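Working notes, beginning with the structure itself.
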Amino acid sequence: MAGLPPNFHPDAFAGLADDYVRYRPPYPREVLEGFLDDARLPPGARLLDLACGPGRVALPIADRVAEVWAVDLEPDMIEVGRREAKRLGLGNVHWTVGRVEDFEAAPGGFDLITIGEAFHRLDRPRVAAKAYGWLKPAGGFVTLGPQIEEETAPPWRRIVAAIVRDFVGEPVRRLGAPNATPELEFAEQVQVIRDAGFVDVTNRSFAVLHEWTLETLLGYTRSNSTLSPRALGGRHTAFEAALSSALLAFDRSGQYREEINWGYTFARRP
């Protein structure tokens with residue numbers, strides 16, 4: 001699509017679903033339980049998971065609601081999500097392929113709406129306004145994801161960042177606005193949610209230790225819209241070779257530890 005940076009093209013995640021499931025760290029249970037506690041879901045609750053990918057948010061909490069609707073633009077993500085739901089024995093998840101901005105649902109039909117690691121990729125004011133309309137009174141709206149804090153990142157993270165800059169420069173981090181500091185970008189996201197009419201906006205974060213191997217780090221980069229084989233094309237083999245060489249020069253064990261700051265923003269429709 002003309003005018004969009006490569007990592008925001010509609011097909012940016014095409015073919016990445018298997019790596020997504022295999023290599024992306026799962027959401028910590030304390031994050032999921034945190035916003036579920038905030039939501040105070042009634043019996044028979046309905047969940048809408050927007051830009052759901054293969055169901056990394058929806059599937060772990062599907063047993064806590066009566067019905068899940070999961071929407072994603074990429075057919076591969078939906079197909080892998082269906083496969084994972086079947087493997088887990090979940091029969092209450094309904095999958096839809098399509099743009100979040102174009103999704104239609106009855107007003108007041110859901111008790112909880114979640115967006116995991118994707119709000120920055122969407123038309124935020126439009127999606128927040130539509131989410132407000134889809135929620136029942138007192139329904140909850142949640143955006144969530146991980147954040148690597150540059151100030152406290154381990155030294156090997158700076159090595160990864162340098163290799164990424166060599167190959168792709170500074171990737172665009174959000175749709176419709178230039179990159180700003182992470183603090184400003186987060187504040188603007190919260191303001192978009194408030195402007196849509198939501199109240200009781202709260203933020204919570206959880207620092208969780210994570211152990212990577214060289215294999216899982218390479219797999220994680222392949223699941224990224226900026227660093228996937230599709231995004232890098234003929235340079236992908238060279239990228240993985242450069243990243244592997246630099247990381248192994250730093251630590252031959254191929255084991256890399258860091259603290260990931262997982263967080264969510266919860267808001268309620270009055």
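Just so we're on the same page: first chain in the structure tokens is A, next is B, and so on; residues restart at 1 for each chain, and ligands are numbered from 1 in the order they show up.
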Quick one: everything within 10 Å of segment 204-214 of chain A, counting only C-alpha atoms, minus sequence neighbours fewer than 3 positions away in the same chain. Send it as a VMD selection string. chain A and resid 23 25 28 30 to 31 34 to 35 144 to 148 217 to 220 243 to 244 247 to 248 252 to 266
Output for the residues just chosen: N, CA and C atoms as an mmCIF file, in the first residue's frame:
```
data_model
loop_
_atom_site.group_PDB
_atom_site.id
_atom_site.type_symbol
_atom_site.label_atom_id
_atom_site.label_comp_id
_atom_site.auth_asym_id
_atom_site.auth_seq_id
_atom_site.Cartn_x
_atom_site.Cartn_y
_atom_site.Cartn_z
ATOM 1 N N TYR A 23 7.821 -18.942 18.902
ATOM 2 C CA TYR A 23 8.933 -18.176 19.449
ATOM 3 C C TYR A 23 8.552 -16.927 20.239
ATOM 4 N N PRO A 25 7.307 -15.036 23.329
ATOM 5 C CA PRO A 25 7.034 -15.432 24.716
ATOM 6 C C PRO A 25 5.546 -15.296 25.036
ATOM 7 N N PRO A 28 2.582 -13.459 30.440
ATOM 8 C CA PRO A 28 2.652 -13.997 31.800
ATOM 9 C C PRO A 28 1.264 -14.096 32.427
ATOM 10 N N GLU A 30 0.336 -13.448 35.362
ATOM 11 C CA GLU A 30 -0.030 -12.323 36.205
ATOM 12 C C GLU A 30 -0.598 -11.153 35.402
ATOM 13 N N VAL A 31 -0.175 -11.012 34.145
ATOM 14 C CA VAL A 31 -0.745 -9.973 33.284
ATOM 15 C C VAL A 31 -2.192 -10.307 32.936
ATOM 16 N N GLY A 34 -4.351 -10.110 35.919
ATOM 17 C CA GLY A 34 -4.506 -8.728 36.355
ATOM 18 C C GLY A 34 -5.661 -8.039 35.673
ATOM 19 N N PHE A 35 -5.700 -8.094 34.344
ATOM 20 C CA PHE A 35 -6.797 -7.373 33.695
ATOM 21 C C PHE A 35 -8.123 -8.118 33.807
ATOM 22 N N LEU A 144 -2.307 -4.371 25.650
ATOM 23 C CA LEU A 144 -1.242 -4.994 26.424
ATOM 24 C C LEU A 144 -0.086 -5.405 25.534
ATOM 25 N N GLY A 145 1.074 -5.594 26.178
ATOM 26 C CA GLY A 145 2.247 -6.024 25.448
ATOM 27 C C GLY A 145 3.507 -5.892 26.272
ATOM 28 N N PRO A 146 4.644 -6.357 25.713
ATOM 29 C CA PRO A 146 5.924 -6.268 26.410
ATOM 30 C C PRO A 146 6.661 -4.991 26.045
ATOM 31 N N GLN A 147 7.567 -4.585 26.907
ATOM 32 C CA GLN A 147 8.397 -3.408 26.657
ATOM 33 C C GLN A 147 9.795 -3.695 27.184
ATOM 34 N N ILE A 148 10.797 -3.505 26.318
ATOM 35 C CA ILE A 148 12.179 -3.616 26.749
ATOM 36 C C ILE A 148 12.658 -2.218 27.140
ATOM 37 N N LEU A 217 15.787 -16.496 19.947
ATOM 38 C CA LEU A 217 15.949 -15.090 19.548
ATOM 39 C C LEU A 217 15.835 -14.932 18.042
ATOM 40 N N LEU A 218 16.475 -15.822 17.297
ATOM 41 C CA LEU A 218 16.364 -15.765 15.839
ATOM 42 C C LEU A 218 14.923 -16.016 15.404
ATOM 43 N N GLY A 219 14.253 -16.960 16.058
ATOM 44 C CA GLY A 219 12.854 -17.215 15.731
ATOM 45 C C GLY A 219 11.969 -16.028 16.030
ATOM 46 N N TYR A 220 12.257 -15.367 17.150
ATOM 47 C CA TYR A 220 11.480 -14.177 17.502
ATOM 48 C C TYR A 220 11.658 -13.088 16.442
ATOM 49 N N LEU A 243 23.681 -11.457 13.096
ATOM 50 C CA LEU A 243 23.156 -11.457 14.462
ATOM 51 C C LEU A 243 23.708 -12.637 15.254
ATOM 52 N N SER A 244 23.742 -13.809 14.637
ATOM 53 C CA SER A 244 24.271 -14.992 15.320
ATOM 54 C C SER A 244 25.733 -14.797 15.683
ATOM 55 N N LEU A 247 26.113 -12.234 18.595
ATOM 56 C CA LEU A 247 25.648 -12.733 19.885
ATOM 57 C C LEU A 247 26.580 -13.824 20.423
ATOM 58 N N LEU A 248 27.041 -14.706 19.567
ATOM 59 C CA LEU A 248 27.942 -15.762 20.033
ATOM 60 C C LEU A 248 29.310 -15.202 20.415
ATOM 61 N N ARG A 252 29.354 -17.288 24.153
ATOM 62 C CA ARG A 252 29.381 -18.524 23.361
ATOM 63 C C ARG A 252 28.344 -19.539 23.825
ATOM 64 N N SER A 253 27.778 -19.356 25.011
ATOM 65 C CA SER A 253 26.798 -20.328 25.506
ATOM 66 C C SER A 253 25.510 -20.295 24.704
ATOM 67 N N GLY A 254 25.243 -19.190 24.015
ATOM 68 C CA GLY A 254 23.978 -19.062 23.302
ATOM 69 C C GLY A 254 22.790 -18.901 24.221
ATOM 70 N N GLN A 255 23.019 -18.454 25.454
ATOM 71 C CA GLN A 255 21.957 -18.232 26.441
ATOM 72 C C GLN A 255 21.953 -16.747 26.806
ATOM 73 N N TYR A 256 20.785 -16.116 26.741
ATOM 74 C CA TYR A 256 20.703 -14.669 26.940
ATOM 75 C C TYR A 256 19.503 -14.367 27.830
ATOM 76 N N ARG A 257 19.788 -13.708 28.934
ATOM 77 C CA ARG A 257 18.760 -13.450 29.949
ATOM 78 C C ARG A 257 18.421 -11.966 29.971
ATOM 79 N N GLU A 258 17.148 -11.669 30.216
ATOM 80 C CA GLU A 258 16.743 -10.274 30.397
ATOM 81 C C GLU A 258 15.451 -10.216 31.189
ATOM 82 N N GLU A 259 15.159 -9.027 31.682
ATOM 83 C CA GLU A 259 13.898 -8.764 32.364
ATOM 84 C C GLU A 259 12.984 -8.035 31.391
ATOM 85 N N ILE A 260 11.844 -8.638 31.085
ATOM 86 C CA ILE A 260 10.866 -8.026 30.180
ATOM 87 C C ILE A 260 9.783 -7.368 31.016
ATOM 88 N N ASN A 261 9.488 -6.122 30.691
ATOM 89 C CA ASN A 261 8.449 -5.380 31.408
ATOM 90 C C ASN A 261 7.129 -5.563 30.664
ATOM 91 N N TRP A 262 6.316 -6.483 31.136
ATOM 92 C CA TRP A 262 5.003 -6.743 30.535
ATOM 93 C C TRP A 262 3.979 -5.811 31.187
ATOM 94 N N GLY A 263 3.143 -5.191 30.381
ATOM 95 C CA GLY A 263 2.177 -4.271 30.965
ATOM 96 C C GLY A 263 0.862 -4.244 30.220
ATOM 97 N N TYR A 264 -0.111 -3.648 30.856
ATOM 98 C CA TYR A 264 -1.391 -3.428 30.181
ATOM 99 C C TYR A 264 -2.002 -2.117 30.636
ATOM 100 N N THR A 265 -2.839 -1.592 29.773
ATOM 101 C CA THR A 265 -3.680 -0.441 30.089
ATOM 102 C C THR A 265 -5.114 -0.916 30.103
ATOM 103 N N PHE A 266 -5.785 -0.678 31.212
ATOM 104 C CA PHE A 266 -7.195 -1.079 31.348
ATOM 105 C C PHE A 266 -8.058 0.182 31.442
#
```
With segment 102-109 of chain A as the partner and 12 Å as the cut-off, tabulate the residues of segment 28-92 of chain A that qualify, each row holding the nearest pair of atoms and their distance in Å to one decimal, using only C-alpha atoms, sorted by chain and rising number, as CSV.
```
residue,atom,partner,partner_atom,distance
A:Gly44,CA,A:Gly109,CA,11.7
A:Ala45,CA,A:Gly109,CA,9.6
A:Arg46,CA,A:Gly109,CA,7.5
A:Leu47,CA,A:Gly109,CA,9.1
A:Leu48,CA,A:Gly109,CA,9.3
A:Asp49,CA,A:Phe103,CA,11.5
A:Leu50,CA,A:Phe103,CA,9.2
A:Ala51,CA,A:Phe103,CA,10.6
A:Glu67,CA,A:Gly109,CA,11.0
A:Val68,CA,A:Gly109,CA,11.4
A:Trp69,CA,A:Ala105,CA,10.1
A:Ala70,CA,A:Phe103,CA,10.6
A:Val71,CA,A:Phe103,CA,8.0
A:Asp72,CA,A:Phe103,CA,9.7
A:Leu73,CA,A:Asp102,CA,10.1
```
Output file for the residues above (C-alpha atoms, as a PDB file, in the first residue's frame):
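File produced: result-v5.pdb:
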```
ATOM      1  CA  GLY A  44     -21.721 -15.598  30.408  1.00  0.00           C
ATOM      2  CA  ALA A  45     -19.214 -12.889  29.448  1.00  0.00           C
ATOM      3  CA  ARG A  46     -18.244 -12.296  25.813  1.00  0.00           C
ATOM      4  CA  LEU A  47     -14.687 -11.365  24.777  1.00  0.00           C
ATOM      5  CA  LEU A  48     -13.589  -9.639  21.560  1.00  0.00           C
ATOM      6  CA  ASP A  49      -9.863  -9.945  20.764  1.00  0.00           C
ATOM      7  CA  LEU A  50      -8.826  -7.474  18.055  1.00  0.00           C
ATOM      8  CA  ALA A  51      -5.753  -8.008  15.846  1.00  0.00           C
ATOM      9  CA  GLU A  67     -17.705 -16.817  24.040  1.00  0.00           C
ATOM     10  CA  VAL A  68     -14.691 -15.352  22.212  1.00  0.00           C
ATOM     11  CA  TRP A  69     -14.619 -13.468  18.925  1.00  0.00           C
ATOM     12  CA  ALA A  70     -11.125 -13.141  17.453  1.00  0.00           C
ATOM     13  CA  VAL A  71     -10.345 -10.877  14.493  1.00  0.00           C
ATOM     14  CA  ASP A  72      -7.157 -10.586  12.451  1.00  0.00           C
ATOM     15  CA  LEU A  73      -6.210  -9.358   8.987  1.00  0.00           C
TER      16      LEU A  73
END
```
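With only C-alpha atoms as the atoms that count, the minimum distance from His120 of chain A to the choices A:Ala153, A:Ala241, A:Leu175, A:Val190 is reached by A:Leu175.
By only C-alpha atoms, and with residues fewer than 5 positions from Gly133 of chain A along its chain excluded, the set lying at most 12 Å from it is Glu104, Ala105, Ala106, Pro107, Gly108, Gly109, Phe110, Asp111, Leu112, Ile113, Arg126, Val127, Ala128, Ala138, Gly139, Gly140, Phe141, Ala196, Gly197, Phe198, Arg268, Arg269 and Pro270 of chain A.
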DSSP-assigned alpha helix (DSSP H) among segment 43-261 of chain A, expressed as a compact mmCIF listing (two decimals) with C-alpha atoms, in the first residue's frame:
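Produced file states_31.txt, reproduced below:
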```txt
# COMPACT_ATOMS: atom_id res chain seq x y z
CA ALA A 58 -7.63 -14.99 23.62
CA LEU A 59 -6.75 -18.67 23.89
CA PRO A 60 -5.19 -18.62 27.40
CA ILE A 61 -8.30 -16.92 28.81
CA PRO A 75 -5.52 -15.58 7.15
CA ASP A 76 -2.43 -17.55 8.24
CA MET A 77 -2.77 -16.20 11.77
CA ILE A 78 -6.42 -17.21 11.91
CA GLU A 79 -5.66 -20.68 10.55
CA VAL A 80 -2.93 -21.29 13.13
CA GLY A 81 -5.23 -19.90 15.83
CA ARG A 82 -7.94 -22.36 14.84
CA ARG A 83 -5.41 -25.17 14.98
CA GLU A 84 -4.21 -24.11 18.44
CA ALA A 85 -7.78 -23.82 19.73
CA LYS A 86 -8.54 -27.33 18.52
CA ARG A 87 -5.36 -28.65 20.11
CA LEU A 88 -6.38 -27.06 23.42
CA ARG A 124 -6.26 4.20 17.19
CA PRO A 125 -9.01 6.88 17.47
CA ARG A 126 -11.31 4.93 15.15
CA VAL A 127 -10.72 1.59 16.85
CA ALA A 128 -11.09 3.04 20.36
CA ALA A 129 -14.37 4.70 19.39
CA LYS A 130 -15.73 1.51 17.82
CA ALA A 131 -14.63 -0.53 20.84
CA TYR A 132 -16.51 1.87 23.10
CA GLY A 133 -19.67 1.21 21.10
CA TRP A 134 -19.23 -2.55 21.11
CA PRO A 155 24.45 -5.48 27.08
CA TRP A 156 23.53 -8.12 24.51
CA ARG A 157 20.34 -6.14 23.70
CA ARG A 158 22.50 -3.25 22.50
CA ILE A 159 24.29 -5.67 20.19
CA VAL A 160 20.95 -6.76 18.71
CA ALA A 161 19.88 -3.13 18.29
CA ALA A 162 23.10 -2.27 16.44
CA ILE A 163 22.67 -5.16 13.98
CA VAL A 164 19.04 -4.19 13.37
CA ARG A 165 20.04 -0.58 12.68
CA ASP A 166 22.68 -1.77 10.21
CA PHE A 167 20.04 -3.65 8.21
CA VAL A 168 16.83 -1.61 8.54
CA PRO A 182 8.35 5.54 24.29
CA GLU A 183 6.98 7.62 27.18
CA LEU A 184 5.33 10.11 24.82
CA GLU A 185 3.96 7.40 22.56
CA PHE A 186 2.44 5.63 25.56
CA ALA A 187 0.94 8.88 26.89
CA GLU A 188 -0.64 9.59 23.50
CA GLN A 189 -2.12 6.09 23.41
CA VAL A 190 -3.68 6.61 26.83
CA GLN A 191 -5.06 9.97 25.69
CA VAL A 192 -6.68 8.34 22.65
CA ILE A 193 -8.45 5.92 24.98
CA ARG A 194 -9.65 8.74 27.23
CA ASP A 195 -10.81 10.78 24.23
CA LEU A 214 20.09 -18.14 20.14
CA GLU A 215 17.46 -20.25 18.38
CA THR A 216 14.52 -18.58 20.11
CA LEU A 217 15.95 -15.09 19.55
CA LEU A 218 16.36 -15.77 15.84
CA GLY A 219 12.85 -17.22 15.73
CA TYR A 220 11.48 -14.18 17.50
CA THR A 221 13.09 -11.82 14.97
CA ARG A 222 11.57 -13.87 12.14
CA PRO A 229 12.32 -13.15 5.70
CA ARG A 230 9.55 -11.39 3.77
CA ALA A 231 10.64 -7.96 5.04
CA LEU A 232 14.38 -8.45 4.52
CA HIS A 236 17.62 -12.18 5.57
CA THR A 237 20.30 -14.88 5.52
CA ALA A 238 23.00 -12.23 5.99
CA PHE A 239 21.02 -10.65 8.82
CA GLU A 240 20.67 -13.91 10.75
CA ALA A 241 24.35 -14.70 10.17
CA ALA A 242 25.44 -11.27 11.43
CA LEU A 243 23.16 -11.46 14.46
CA SER A 244 24.27 -14.99 15.32
CA SER A 245 27.94 -14.11 14.99
CA ALA A 246 27.65 -11.00 17.16
CA LEU A 247 25.65 -12.73 19.89
CA LEU A 248 27.94 -15.76 20.03
CA ALA A 249 30.97 -13.47 20.18
CA PHE A 250 29.34 -11.86 23.22
```
For Thr143 of chain A, the closest of A:Ala177, A:Ala267, A:Val21, A:Leu36 counting only C-alpha atoms is A:Ala267
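Atom CA of Arg56 of chain A is found 16.0 Å from atom CA of Val97 of chain A.
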Among segment 37-254 of chain A, which ones does DSSP place in strand (DSSP E), written as a PyMOL selection string? chain A and resi 46-50+67-72+93-97+110-116+135-147+199-213
